[in-house]
Structures are given as structure tokens and as C-alpha cells.
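Coordinates as given in input.txt (compact mmCIF, C-alpha atoms):
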```
# COMPACT_ATOMS: atom_id res chain seq x y z
CA MET A 129 2.47 -20.08 17.52
CA CYS A 130 -0.21 -22.11 15.74
CA LEU A 131 -0.51 -21.31 12.05
CA LEU A 132 -4.15 -20.27 12.51
CA THR A 133 -3.58 -18.10 15.60
CA PRO A 134 -3.30 -14.75 13.72
CA PHE A 135 -6.49 -15.55 11.81
CA ARG A 136 -8.71 -16.48 14.76
CA PRO A 137 -9.99 -12.94 15.51
CA LEU A 138 -10.70 -12.46 11.79
CA ILE A 139 -12.63 -15.73 11.55
CA ARG A 140 -14.71 -15.08 14.66
CA ASP A 141 -15.54 -11.40 14.06
CA PRO A 142 -17.84 -10.74 11.05
CA ALA A 143 -16.56 -7.19 10.51
CA LEU A 144 -12.92 -8.27 10.58
CA ALA A 145 -13.72 -11.24 8.33
CA LEU A 146 -15.34 -8.82 5.86
CA ALA A 147 -12.31 -6.51 5.95
CA ALA A 148 -9.99 -9.49 5.38
CA GLY A 149 -12.06 -10.82 2.48
CA LEU A 150 -12.22 -7.41 0.85
CA LEU A 151 -8.48 -6.89 1.27
CA VAL A 152 -7.76 -10.26 -0.37
CA LEU A 153 -9.99 -9.29 -3.30
CA PHE A 154 -8.52 -5.78 -3.47
CA GLY A 155 -5.04 -7.30 -3.52
CA ALA A 156 -6.10 -9.62 -6.34
CA HIS A 157 -7.50 -6.65 -8.29
CA ALA A 158 -4.29 -4.66 -7.81
CA ALA A 159 -2.05 -7.63 -8.68
CA THR A 160 -4.08 -8.26 -11.83
CA LEU A 161 -4.06 -4.68 -13.08
CA ALA A 162 -1.24 -2.61 -11.60
CA PRO A 163 1.81 -4.36 -13.12
CA TYR A 164 0.46 -4.06 -16.67
CA VAL A 165 -1.09 -0.58 -16.87
CA SER A 166 2.10 1.14 -18.06
CA ALA A 167 2.66 -1.47 -20.78
CA LEU A 168 -0.95 -1.12 -21.92
CA ALA A 169 -0.70 2.67 -21.97
CA VAL A 170 2.39 2.77 -24.18
CA THR A 171 2.24 -0.39 -26.32
CA VAL A 172 -1.52 -0.89 -26.76
CA PHE A 173 -3.05 2.59 -26.56
CA GLY A 174 -0.05 4.49 -27.95
CA LEU A 175 0.41 7.07 -25.21
CA SER A 176 3.79 8.78 -25.20
CA ASN A 177 5.98 8.60 -22.10
CA SER A 178 5.25 12.25 -21.33
CA ALA A 179 1.50 11.77 -21.76
CA TYR A 180 1.50 8.75 -19.48
CA SER A 181 3.58 10.65 -16.92
CA ALA A 182 1.02 13.46 -16.96
CA LEU A 183 -1.75 10.88 -16.48
CA LEU A 184 0.09 9.46 -13.45
CA VAL A 185 0.45 12.93 -11.90
CA VAL A 186 -3.27 13.67 -12.31
CA ALA A 187 -4.20 10.24 -10.95
CA SER A 188 -1.88 10.59 -7.94
CA VAL A 189 -3.18 14.02 -6.97
CA LEU A 190 -6.81 12.95 -7.38
CA SER A 191 -6.24 9.74 -5.42
CA VAL A 192 -4.74 11.61 -2.46
CA ALA A 193 -7.42 14.32 -2.57
CA SER A 194 -10.21 11.73 -2.62
CA SER A 195 -8.59 9.74 0.19
CA VAL A 196 -8.36 12.81 2.40
CA GLY A 197 -11.82 14.07 1.46
CA PHE A 198 -13.61 10.76 1.93
CA GLY A 199 -11.72 10.13 5.18
CA ILE A 200 -12.82 13.46 6.63
CA LEU A 201 -16.42 12.95 5.46
CA ALA A 202 -16.52 9.49 7.04
CA ASP A 203 -15.44 10.98 10.38
CA GLN A 204 -17.79 13.97 10.09
CA ARG A 205 -20.92 11.95 9.32
CA ALA A 206 -20.01 8.45 10.52
CA ASN A 207 -21.35 7.17 7.19
CA ARG A 208 -18.56 4.69 6.52
CA ARG A 209 -20.78 2.22 4.68
CA ALA A 210 -21.88 4.90 2.19
CA ILE A 211 -18.27 6.00 1.65
CA ALA A 212 -17.12 2.40 1.14
CA LEU A 213 -19.91 1.80 -1.38
CA ALA A 214 -18.90 4.94 -3.27
CA CYS A 215 -15.23 3.88 -3.38
CA VAL A 216 -16.00 0.34 -4.55
CA GLY A 217 -18.47 1.80 -7.03
CA PHE A 218 -15.73 3.94 -8.58
CA LEU A 219 -13.41 0.92 -8.66
CA THR A 220 -16.05 -1.14 -10.48
CA ALA A 221 -17.02 1.67 -12.86
CA GLY A 222 -13.43 2.43 -13.84
CA THR A 223 -12.66 -1.21 -14.49
CA ALA A 224 -15.92 -1.65 -16.44
CA LEU A 225 -15.02 1.26 -18.73
CA MET A 226 -12.00 -0.67 -19.95
CA ALA A 227 -13.54 -4.14 -19.86
CA LEU A 228 -16.62 -3.19 -21.90
CA GLY A 229 -15.33 -0.48 -24.25
CA PRO A 230 -11.53 -0.26 -24.39
CA SER A 231 -10.24 2.82 -26.19
CA VAL A 232 -7.80 5.65 -25.64
CA PRO A 233 -10.46 8.02 -24.20
CA ALA A 234 -11.77 5.22 -21.96
CA PHE A 235 -8.23 4.45 -20.76
CA VAL A 236 -7.54 8.08 -19.88
CA LEU A 237 -10.94 8.53 -18.20
CA ALA A 238 -10.63 5.29 -16.23
CA HIS A 239 -7.05 5.62 -15.04
CA ALA A 240 -6.79 9.38 -14.62
CA LEU A 241 -10.22 10.14 -13.12
CA VAL A 242 -12.50 7.25 -12.16
CA LEU A 243 -10.17 4.65 -10.62
CA PRO A 244 -8.25 7.24 -8.54
CA LEU A 245 -11.55 8.18 -6.87
CA SER A 246 -11.49 4.72 -5.30
CA GLY A 247 -8.15 5.54 -3.65
CA SER A 248 -9.75 5.88 -0.21
CA LEU A 249 -10.91 2.26 -0.20
CA PHE A 250 -7.71 0.85 1.32
CA GLY A 251 -7.88 3.37 4.16
CA GLN A 252 -11.60 2.79 4.70
CA LEU A 253 -11.04 -0.95 5.06
CA PHE A 254 -8.44 -0.36 7.74
CA ALA A 255 -10.65 2.25 9.43
CA LEU A 256 -13.38 -0.42 9.64
CA ALA A 257 -10.86 -2.93 10.99
CA ARG A 258 -9.53 -0.44 13.55
CA LEU A 259 -13.03 0.30 14.84
CA ALA A 260 -13.99 -3.39 14.94
CA ALA A 261 -10.72 -4.19 16.72
CA THR A 262 -11.77 -1.95 19.63
CA THR A 263 -14.11 -4.78 20.69
CA HIS A 264 -11.07 -7.03 21.15
CA PRO A 265 -8.39 -6.90 23.87
CA GLU A 266 -5.93 -4.09 23.29
CA ALA A 267 -3.00 -6.50 23.26
CA ASP A 268 -4.51 -8.30 20.23
CA ARG A 269 -5.08 -5.23 18.07
CA PRO A 270 -1.58 -4.83 16.52
CA ALA A 271 -1.65 -8.50 15.49
CA ILE A 272 -5.06 -8.02 13.87
CA LEU A 273 -3.84 -5.12 11.72
CA SER A 274 -0.63 -6.95 10.74
CA THR A 275 -2.63 -9.99 9.67
CA LEU A 276 -4.98 -7.84 7.60
CA ARG A 277 -2.03 -6.24 5.81
CA ALA A 278 -0.78 -9.75 5.03
CA ALA A 279 -4.21 -10.53 3.59
CA PHE A 280 -3.68 -7.77 1.02
CA ALA A 281 -0.19 -9.05 0.15
CA LEU A 282 -1.15 -12.72 -0.17
CA PRO A 283 -2.90 -12.51 -3.59
CA TRP A 284 0.22 -11.02 -5.17
CA VAL A 285 2.09 -14.25 -4.46
CA VAL A 286 -0.62 -16.31 -6.18
CA VAL A 287 -1.99 -14.03 -8.89
CA LEU A 288 1.25 -12.91 -10.55
CA PRO A 289 2.48 -16.46 -11.35
CA LEU A 290 -0.97 -17.34 -12.72
CA TRP A 291 -0.92 -14.36 -15.08
CA SER A 292 2.63 -15.24 -16.10
CA LEU A 293 1.42 -18.69 -17.14
CA ALA A 294 -1.60 -17.19 -18.91
CA PHE A 295 0.54 -14.80 -20.96
CA GLU A 296 2.91 -17.61 -21.88
CA ALA A 297 -0.18 -19.37 -23.27
CA ASP A 298 -0.83 -16.30 -25.50
CA VAL A 299 -3.74 -14.90 -23.48
CA PRO A 300 -4.18 -11.25 -24.63
CA LEU A 301 -2.97 -8.63 -22.17
CA MET A 302 -6.34 -6.87 -22.33
CA ARG A 303 -7.91 -9.81 -20.51
CA VAL A 304 -6.74 -8.28 -17.24
CA TYR A 305 -9.71 -5.90 -17.39
CA PRO A 306 -12.59 -8.45 -17.55
CA VAL A 307 -10.95 -10.45 -14.74
CA SER A 308 -10.49 -7.28 -12.67
CA LEU A 309 -14.12 -6.37 -13.28
CA ILE A 310 -15.28 -9.71 -11.85
CA VAL A 311 -13.17 -9.09 -8.74
CA ALA A 312 -14.45 -5.51 -8.35
CA ALA A 313 -18.06 -6.62 -8.77
CA ALA A 314 -17.56 -9.26 -6.07
CA MET A 315 -16.22 -6.54 -3.75
CA LEU A 316 -19.21 -4.32 -4.47
CA ALA A 317 -21.59 -7.17 -3.66
CA LEU A 318 -19.80 -7.92 -0.37
CA VAL A 319 -19.84 -4.29 0.76
CA TRP A 320 -23.54 -3.96 -0.14
CA ALA A 321 -24.52 -7.15 1.65
CA PHE A 322 -22.29 -7.26 4.72
CA TRP A 323 -20.78 -3.86 5.58
CA PRO A 324 -22.25 -2.81 8.98
CA ARG A 325 -25.09 -0.33 8.71
CA ASP A 326 -24.16 3.25 9.65
CA GLY A 327 -25.30 4.00 13.17
CA ALA A 328 -25.90 0.32 14.02
CA THR A 329 -22.38 -0.94 14.70
CA ARG A 330 -21.21 -2.97 17.70
CA TRP A 331 -18.65 -0.27 18.49
CA PRO A 332 -19.04 3.47 19.17
CA ASP A 333 -18.49 5.61 16.08
CA PRO A 334 -19.47 9.18 16.99
CA LYS A 335 -19.40 11.99 14.47
CA SER A 336 -16.25 14.08 14.73
CA GLY A 337 -18.09 17.38 15.05
CA LEU A 338 -15.30 19.10 13.11
CA SER A 339 -15.76 21.19 10.01
CA PHE A 340 -13.88 20.24 6.85
CA ARG A 341 -11.44 23.09 7.43
CA ALA A 342 -10.88 22.10 11.07
CA SER A 343 -10.26 18.51 10.03
CA LEU A 344 -7.68 19.61 7.46
CA ARG A 345 -6.06 21.85 10.07
CA GLU A 346 -5.82 18.88 12.43
CA MET A 347 -4.12 16.78 9.75
CA ALA A 348 -1.78 19.67 8.90
CA GLU A 349 -0.41 20.10 12.42
CA GLY A 350 3.37 20.24 12.50
CA ARG A 351 3.75 17.13 14.69
CA VAL A 352 1.58 15.14 12.28
CA LEU A 353 3.14 16.34 9.02
CA ALA A 354 6.69 15.87 10.36
CA ARG A 355 5.94 12.23 11.14
CA VAL A 356 4.18 11.66 7.83
CA LEU A 357 7.26 13.04 6.06
CA CYS A 358 9.60 10.77 8.06
CA LEU A 359 7.50 7.75 7.14
CA GLY A 360 7.34 9.04 3.57
CA THR A 361 11.10 8.44 3.31
CA VAL A 362 10.52 4.84 4.40
CA HIS A 363 7.74 4.37 1.84
CA GLY A 364 9.97 6.00 -0.77
CA SER A 365 12.54 3.23 -0.32
CA VAL A 366 9.89 0.62 -1.12
CA THR A 367 8.86 2.52 -4.25
CA LEU A 368 12.49 3.00 -5.26
CA TYR A 369 13.14 -0.75 -4.99
CA LEU A 370 10.28 -1.42 -7.42
CA VAL A 371 11.74 1.12 -9.83
CA VAL A 372 15.38 0.07 -9.55
CA ILE A 373 15.24 -3.73 -9.59
CA GLY A 374 14.15 -4.14 -13.21
CA LEU A 375 16.58 -1.47 -14.43
CA VAL A 376 19.53 -2.90 -12.51
CA PHE A 377 18.94 -6.46 -13.69
CA ALA A 378 18.46 -5.23 -17.26
CA THR A 379 22.02 -3.86 -17.32
CA ILE A 380 23.48 -7.32 -16.57
CA PRO A 381 23.75 -9.56 -19.68
CA PHE A 382 22.86 -12.83 -17.93
CA ARG A 383 19.92 -11.40 -15.98
CA GLY A 384 16.50 -10.42 -17.28
CA ALA A 385 12.76 -10.33 -16.67
CA GLY A 386 12.78 -13.88 -15.33
CA ASP A 387 15.28 -12.98 -12.60
CA VAL A 388 13.27 -9.86 -11.74
CA ALA A 389 10.11 -11.93 -11.33
CA LEU A 390 11.96 -14.57 -9.30
CA TYR A 391 13.53 -12.00 -6.95
CA ALA A 392 10.35 -9.94 -6.48
CA GLY A 393 8.25 -13.08 -6.07
CA ALA A 394 10.62 -14.48 -3.44
CA VAL A 395 10.51 -11.21 -1.49
CA ALA A 396 6.71 -11.01 -1.65
CA GLY A 397 6.32 -14.69 -0.81
CA LEU A 398 8.45 -14.40 2.33
CA GLU A 399 6.88 -11.12 3.44
CA VAL A 400 3.52 -12.79 4.11
CA PRO A 401 4.69 -15.32 6.74
CA PHE A 402 6.90 -12.68 8.34
CA MET A 403 3.89 -10.35 8.59
CA LEU A 404 1.91 -13.14 10.23
CA ALA A 405 4.78 -13.72 12.67
CA LEU A 406 5.06 -10.03 13.65
CA PRO A 407 2.64 -10.43 16.60
CA LEU A 408 5.45 -12.33 18.33
CA VAL A 409 7.49 -9.10 18.56
CA VAL A 410 4.87 -6.33 18.33
CA GLY A 411 4.30 -5.12 21.88
CA ARG A 412 7.66 -6.35 23.09
CA ILE A 413 9.56 -3.76 21.06
CA ALA A 414 8.44 -0.13 20.86
CA ARG A 415 6.89 0.58 17.49
CA GLY A 416 9.34 3.39 16.68
CA LYS A 417 12.32 1.16 17.40
CA LEU A 418 10.74 -1.67 15.39
CA ILE A 419 10.33 0.69 12.41
CA VAL A 420 14.03 1.64 12.66
CA ILE A 421 15.06 -2.03 12.72
CA GLY A 422 12.79 -2.90 9.79
CA THR A 423 14.01 0.11 7.80
CA ALA A 424 17.65 -0.81 8.46
CA LEU A 425 17.05 -4.30 7.08
CA TYR A 426 15.18 -2.96 4.06
CA ALA A 427 17.80 -0.27 3.45
CA THR A 428 20.51 -2.94 3.46
CA HIS A 429 18.69 -4.85 0.73
CA LEU A 430 18.12 -1.69 -1.34
CA ALA A 431 21.66 -0.31 -1.03
CA PHE A 432 23.40 -3.59 -1.87
CA LEU A 433 21.05 -4.66 -4.67
CA PRO A 434 22.98 -2.86 -7.47
CA VAL A 435 26.30 -3.92 -5.95
CA LEU A 436 25.51 -7.64 -5.68
CA ALA A 437 23.23 -7.97 -8.73
CA PRO A 438 26.05 -9.36 -10.96
CA THR A 439 26.89 -12.02 -8.35
CA PRO A 440 25.07 -15.07 -6.92
CA PHE A 441 25.12 -13.33 -3.53
CA VAL A 442 22.26 -11.06 -4.63
CA TRP A 443 19.82 -13.83 -3.68
CA LEU A 444 20.91 -13.50 -0.05
CA LEU A 445 19.30 -10.04 -0.03
CA VAL A 446 15.86 -11.61 -0.32
CA LEU A 447 15.87 -12.35 3.42
CA PRO A 448 16.52 -8.81 4.76
CA ALA A 449 14.18 -7.47 2.07
CA ALA A 450 11.32 -9.67 3.26
CA LEU A 451 12.03 -9.20 6.98
CA GLY A 452 12.31 -5.43 6.58
CA GLY A 453 9.36 -5.28 4.19
CA ALA A 454 7.11 -7.09 6.67
CA VAL A 455 7.79 -4.28 9.14
CA VAL A 456 7.81 -1.21 6.87
CA LEU A 457 4.59 -2.26 5.12
CA THR A 458 2.63 -2.78 8.35
CA GLN A 459 3.95 -0.75 11.29
CA PRO A 460 3.96 2.73 9.67
CA MET A 461 0.32 2.14 8.74
CA ALA A 462 -0.65 1.40 12.35
CA TYR A 463 1.50 4.31 13.54
CA LEU A 464 -0.27 6.78 11.24
CA GLN A 465 -3.69 5.61 12.38
CA ASP A 466 -2.63 6.15 16.00
CA LEU A 467 -1.58 9.73 15.24
CA LEU A 468 -5.26 10.63 14.86
CA ALA A 469 -6.72 7.81 16.93
CA ALA A 470 -10.03 9.58 17.52
CA ARG A 471 -10.51 10.12 13.75
CA PRO A 472 -10.27 6.70 12.05
CA GLY A 473 -11.07 8.10 8.61
CA ALA A 474 -8.60 10.98 8.78
CA GLY A 475 -6.02 8.67 10.34
CA ALA A 476 -6.39 6.30 7.42
CA SER A 477 -6.07 9.24 5.00
CA LEU A 478 -2.59 9.90 6.35
CA MET A 479 -1.53 6.72 4.54
CA ALA A 480 -2.33 8.46 1.26
CA LEU A 481 -0.26 11.47 2.29
CA GLN A 482 2.60 9.14 3.24
CA LYS A 483 2.40 7.52 -0.19
CA LEU A 484 2.41 10.90 -1.93
CA ALA A 485 5.48 11.98 0.08
CA GLY A 486 7.16 8.65 -0.65
CA ASP A 487 6.51 8.86 -4.38
CA ALA A 488 7.90 12.41 -4.51
CA ILE A 489 10.99 11.40 -2.53
CA CYS A 490 11.53 8.36 -4.74
CA ALA A 491 11.30 10.44 -7.92
CA SER A 492 13.72 13.06 -6.57
CA VAL A 493 16.27 10.53 -5.32
CA PHE A 494 16.10 8.58 -8.56
CA ALA A 495 16.59 11.71 -10.66
CA ILE A 496 19.54 12.98 -8.58
CA GLY A 497 21.24 9.61 -8.18
CA THR A 498 21.03 8.59 -11.83
CA ALA A 499 22.13 12.05 -13.01
CA ILE A 500 25.30 11.85 -10.92
CA ALA A 501 26.38 8.21 -10.90
CA GLY A 502 23.61 5.81 -11.90
CA TYR A 503 21.28 3.31 -10.23
CA GLY A 504 23.74 2.38 -7.50
CA LEU A 505 23.89 5.90 -6.11
CA ALA A 506 20.11 6.29 -6.39
CA ALA A 507 19.59 3.11 -4.35
CA ALA A 508 22.18 4.15 -1.76
CA LEU A 509 20.64 7.63 -1.39
CA GLY A 510 17.15 6.15 -0.99
CA ALA A 511 18.37 3.65 1.60
CA GLY A 512 20.22 6.32 3.57
CA LEU A 513 17.31 8.74 3.48
CA ALA A 514 14.87 6.05 4.67
CA LEU A 515 17.11 5.16 7.61
CA CYS A 516 17.49 8.85 8.51
CA GLY A 517 13.71 9.31 8.37
CA ALA A 518 12.98 6.26 10.57
CA THR A 519 15.65 7.30 13.09
CA THR A 520 14.32 10.87 13.22
CA LEU A 521 10.82 9.52 13.86
CA TRP A 522 12.10 7.40 16.74
CA LEU A 523 14.03 10.33 18.23
CA MET A 524 11.01 12.65 18.00
CA ASP A 525 8.81 10.17 19.84
CA ARG A 526 11.52 9.42 22.39
CA HIS A 527 11.88 13.13 23.13
CA GLN A 528 8.09 13.53 23.38
CA THR A 529 7.86 10.62 25.83
CA ARG A 530 10.59 12.08 28.04
CA ALA A 531 8.93 15.51 27.94
```
Could I get this file's structure written as C-alpha cells?
Amino acid sequence: MCLLTPFRPLIRDPALALAAGLLVLFGAHAATLAPYVSALAVTVFGLSNSAYSALLVVASVLSVASSVGFGILADQRANRRAIALACVGFLTAGTALMALGPSVPAFVLAHALVLPLSGSLFGQLFALARLAATTHPEADRPAILSTLRAAFALPWVVVLPLWSLAFEADVPLMRVYPVSLIVAAAMLALVWAFWPRDGATRWPDPKSGLSFRASLREMAEGRVLARVLCLGTVHGSVTLYLVVIGLVFATIPFRGAGDVALYAGAVAGLEVPFMLALPLVVGRIARGKLIVIGTALYATHLAFLPVLAPTPFVWLLVLPAALGGAVVLTQPMAYLQDLLAARPGAGASLMALQKLAGDAICASVFAIGTAIAGYGLAAALGAGLALCGATTLWLMDRHQTRA
């Protein structure tokens, strides 16, 4: 496979090129801001752990609610450009609050209320990509979505090392906000200038004709929620890894923040080429089975991380982590969109519900595991639960196909 093959549809199709460019910028915004928000909350603005936890709960609930609401509205009215502008507008406004007037009230307002209202943006970008991909051969569509997910991951590999160098040069931590504002403003300009006009797209995008209540009822069907919950266990394992790795390495005298950055950077760096290579297997292996295989690889990395952390063999886990991560970060997303294929906005909103389920599962597993036996048990429970969820999903679909 030529290195440029996965990118050819994105280069040739203006709508897909826009989605890719916006996902790269969105990834850069997230990589610039997300890793440092908790440190800023506690060390710079003096929030207590309980206050910051409450802020996270409010932000999470509002983010999911806005994702679902905007997704339904986009399907009802087929006004995806207006919804995208609103989401990027909230992203820009929230970042500007902190870049132009940093204070405790501004921090709380930005991170608890304004920025979460942009939570639908990720889903809207993939809804645009899914609709634009309908103008391409069906066999090419899974590869298009996998490549776009890699576009979001790519900036993390580049941006995090650059910020590490900047902080070593004594650049103030608060500088993340002005840089994020520049990125957000660039996204706003791109959406304003190039997002396809509502009602004038190259692909059909009819209004759903469903009321808000009917749309919610459709998303709340048992077959849909059961699958979202199964995939929530898979997402929970990814979240649990991000929680556990720093804590596990911190308990080992000869490991520290540098090893955490090296391990996480190696995993993220390898995930991108593996995502780009996924089109070689997508279509040849059923998606449900592929999710089980990817989850098994990722669960192996998660379960053995606390066990092997004191040894040099821990670095061998980078490979199954990246291989599994390439699958579990792309295929569940495509699966959820297919659950409500006729409703691209609502289908994209299921990703927010999957994240909410995953975060809740991660928190529960972490609390139970650490209360009984520590980080090792928490990681093992999360890995086992993820594998059970992926297998259950595969069995449900297998039974449905036979029926």
C-alpha cells in the first residue's frame, strides 16, 4: 500500500479535506489544552480536588447533553453548517475567556459551561465525513473514516513533545490558552469559509421528520443502548489506561514522568500508522470480530502494565497497546454511526453516550479495584470487563444475523 493511498479520497474531496483539516486542528487544540487543565485548576487557580471533581461532572453531563441535542437538531433541520458554527463558536469563546482574562470565575465558566457546549463538534465532523463518503464507493468508506480518526490523533504525537520542550525552557503554563485560541479561531474561519451550505450539498441530506422526543426514543431503544454499553466497556479501558499509567509508574522508584511520557508517546506514535494500515483488514474481517481482536490486544496491555512496570519487559506492551488502540479508537466509532445510519447526527451523538458510559465504568472499576487490592486489580478488572463487553457485542450481532 502506497503511503498516500489512505489520503487520496481526502485530498480529492473538498468536504473530506475540510473534515481532515478540522480534525487535525481539533486534535492540536485538545493536545495543547487537555493534559494541563487539571494542573491549572489545582495549582494555578487553587480549586480543591472536590471542587474540580464537581466541575468535571457538570462539564461531562453538559457535553453529552449538548452532543445529543445538537445531533438531533442537525438531523431534524439538516442545518449541519449552522450547528458546526455554533460548536466552533463555543470552542473559541471558551478558550478566549481564559486567554484574554484568566481568573477563577473565568476558568469555571469556560471549563464547566462554555467549552462543554462544543462537545458535539467531534461528532459533527464525522457526520459530515460520513455524508460526504456516500459519494465514494462503499468499499472505500471504512478506510476514509479510519484515516480521519488518525488525523485527529496525529497532532498529539507532534504537539506534546513541543510543549514539553517549551516548558523546559520556562514558558509559563498559561500560554496554552493563547495558542489554543489561535487554533480555535483558525477552525472557526475554516468552518465559516468552506463548510458546505445547508441544502446545497453534493449528497442527499433530508430532514429526519422526527420530533425531539421521537429522536430520543430511537436512541434509547434497547438494541441501541445495549450496544452502546458494550462499547462503553471498551472505551472505559482506554480511559483507565490514561488514569493508571502515571500512578503505576509513580510507585516505582526508578520510573517517573519521563517514562510516562515516553510510554504514552510511543503508543500514540504507533497508533497513527496502524490506523492508516487498517484499510488492509477492514472489510476482510467482520467489524464485530475485529473489535474483539483489538480489545483483546488492548486488554493484554492494560492488564499486564502494572505487572511488568518494574521490569524492562514493560516496553514490549507498547506494541499490543498501539495495535489494539488503532482498532478500539476507530471501529466502535464507525459501528455506532451505523447503528443509526439514516440519522448521521444522532449516530454521531452515540459516541458521546459511549464516552459517558466508559467514564462511569472506568471510575467504578478504579474505585473497586484500588479499594480491594490496588492499581493491578483495577487494571485487570477493566481489561476483563472490556473483553466481556466486546465479546457480548459480537455475540449479539452474530445472533441477530442468524435470526
Gap from atom CA of His264 of chain A to atom CA of Pro142 of chain A - Å, one decimal: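 Between atom CA of His264 of chain A and atom CA of Pro142 of chain A the gap is 12.7 Å.
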Using all atoms listed in the file, collect all residues at a distance of at most 12 Å from (-23.4, -3.1, -4.3) as written in the file, then present them as a PDB file with C-alpha atoms, keeping the file's coordinate frame.
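Saved file out.pdb follows:
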```pdb
ATOM      1  CA  ARG A 209     -20.780   2.220   4.680  1.00  0.00           C
ATOM      2  CA  ALA A 210     -21.880   4.900   2.190  1.00  0.00           C
ATOM      3  CA  ALA A 212     -17.120   2.400   1.140  1.00  0.00           C
ATOM      4  CA  LEU A 213     -19.910   1.800  -1.380  1.00  0.00           C
ATOM      5  CA  ALA A 214     -18.900   4.940  -3.270  1.00  0.00           C
ATOM      6  CA  CYS A 215     -15.230   3.880  -3.380  1.00  0.00           C
ATOM      7  CA  VAL A 216     -16.000   0.340  -4.550  1.00  0.00           C
ATOM      8  CA  GLY A 217     -18.470   1.800  -7.030  1.00  0.00           C
ATOM      9  CA  PHE A 218     -15.730   3.940  -8.580  1.00  0.00           C
ATOM     10  CA  LEU A 219     -13.410   0.920  -8.660  1.00  0.00           C
ATOM     11  CA  THR A 220     -16.050  -1.140 -10.480  1.00  0.00           C
ATOM     12  CA  ALA A 221     -17.020   1.670 -12.860  1.00  0.00           C
ATOM     13  CA  ALA A 312     -14.450  -5.510  -8.350  1.00  0.00           C
ATOM     14  CA  ALA A 313     -18.060  -6.620  -8.770  1.00  0.00           C
ATOM     15  CA  ALA A 314     -17.560  -9.260  -6.070  1.00  0.00           C
ATOM     16  CA  MET A 315     -16.220  -6.540  -3.750  1.00  0.00           C
ATOM     17  CA  LEU A 316     -19.210  -4.320  -4.470  1.00  0.00           C
ATOM     18  CA  ALA A 317     -21.590  -7.170  -3.660  1.00  0.00           C
ATOM     19  CA  LEU A 318     -19.800  -7.920  -0.370  1.00  0.00           C
ATOM     20  CA  VAL A 319     -19.840  -4.290   0.760  1.00  0.00           C
ATOM     21  CA  TRP A 320     -23.540  -3.960  -0.140  1.00  0.00           C
ATOM     22  CA  ALA A 321     -24.520  -7.150   1.650  1.00  0.00           C
ATOM     23  CA  PHE A 322     -22.290  -7.260   4.720  1.00  0.00           C
ATOM     24  CA  TRP A 323     -20.780  -3.860   5.580  1.00  0.00           C
TER      25      TRP A 323
END
```
Would you give the centre and edge lengths, in Å to one decimal, of a box along x, y and z around the listed atoms of segment 285-297 of chain A, with 8 Å added to each side, as JSON?
```
{"center_x": 0.5, "center_y": -16.1, "center_z": -13.9, "size_x": 20.9, "size_y": 22.5, "size_z": 34.8}
```
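Taking atom CA of Ala495 of chain A and atom CA of Cys516 of chain A as the two end points, the separation is 19.4 Å.
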Counting only C-alpha atoms, closest pick from A:Thr379, A:Ser176, A:Ser231, A:Ser248 relative to Leu481 of chain A is A:Ser248
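You will find atom CA of Val186 of chain A at 29.0 Å from atom CA of Ala279 of chain A.
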Would you list the contacts of segment 523-527 of chain A as a PDB file with C-alpha atoms, in the frame of the given file, taking every protein, DNA or RNA residue within 12 Å and counting only C-alpha atoms, but skipping same-chain residues closer than 3 positions in sequence?
```pdb
ATOM      1  CA  ARG A 351       3.750  17.130  14.690  1.00  0.00           C
ATOM      2  CA  VAL A 352       1.580  15.140  12.280  1.00  0.00           C
ATOM      3  CA  ALA A 354       6.690  15.870  10.360  1.00  0.00           C
ATOM      4  CA  ARG A 355       5.940  12.230  11.140  1.00  0.00           C
ATOM      5  CA  CYS A 358       9.600  10.770   8.060  1.00  0.00           C
ATOM      6  CA  ALA A 414       8.440  -0.130  20.860  1.00  0.00           C
ATOM      7  CA  ARG A 415       6.890   0.580  17.490  1.00  0.00           C
ATOM      8  CA  GLY A 416       9.340   3.390  16.680  1.00  0.00           C
ATOM      9  CA  LYS A 417      12.320   1.160  17.400  1.00  0.00           C
ATOM     10  CA  ILE A 419      10.330   0.690  12.410  1.00  0.00           C
ATOM     11  CA  VAL A 420      14.030   1.640  12.660  1.00  0.00           C
ATOM     12  CA  TYR A 463       1.500   4.310  13.540  1.00  0.00           C
ATOM     13  CA  LEU A 467      -1.580   9.730  15.240  1.00  0.00           C
ATOM     14  CA  CYS A 516      17.490   8.850   8.510  1.00  0.00           C
ATOM     15  CA  GLY A 517      13.710   9.310   8.370  1.00  0.00           C
ATOM     16  CA  ALA A 518      12.980   6.260  10.570  1.00  0.00           C
ATOM     17  CA  THR A 519      15.650   7.300  13.090  1.00  0.00           C
ATOM     18  CA  THR A 520      14.320  10.870  13.220  1.00  0.00           C
ATOM     19  CA  ARG A 530      10.590  12.080  28.040  1.00  0.00           C
ATOM     20  CA  ALA A 531       8.930  15.510  27.940  1.00  0.00           C
TER      21      ALA A 531
END
```
message: List as a VMD selection string the protein and nucleic acid residues near Ser339 of chain A, meaning an atom at most 10 Å away when all atoms listed in the file are counted, but skip any in the same chain fewer than 3 places from it.
response: chain A and resid 200 to 201 204 336 342 to 345
May I have the residues within 8 Å of Gly327 of chain A as an mmCIF file with C-alpha atoms, in the frame of the given file, using only C-alpha atoms and disregarding those fewer than 2 positions away in the same chain?
```
data_model
loop_
_atom_site.group_PDB
_atom_site.id
_atom_site.type_symbol
_atom_site.label_atom_id
_atom_site.label_comp_id
_atom_site.auth_asym_id
_atom_site.auth_seq_id
_atom_site.Cartn_x
_atom_site.Cartn_y
_atom_site.Cartn_z
ATOM 1 C CA ALA A 206 -20.010 8.450 10.520
ATOM 2 C CA ASN A 207 -21.350 7.170 7.190
ATOM 3 C CA ARG A 325 -25.090 -0.330 8.710
ATOM 4 C CA THR A 329 -22.380 -0.940 14.700
ATOM 5 C CA ASP A 333 -18.490 5.610 16.080
#
```
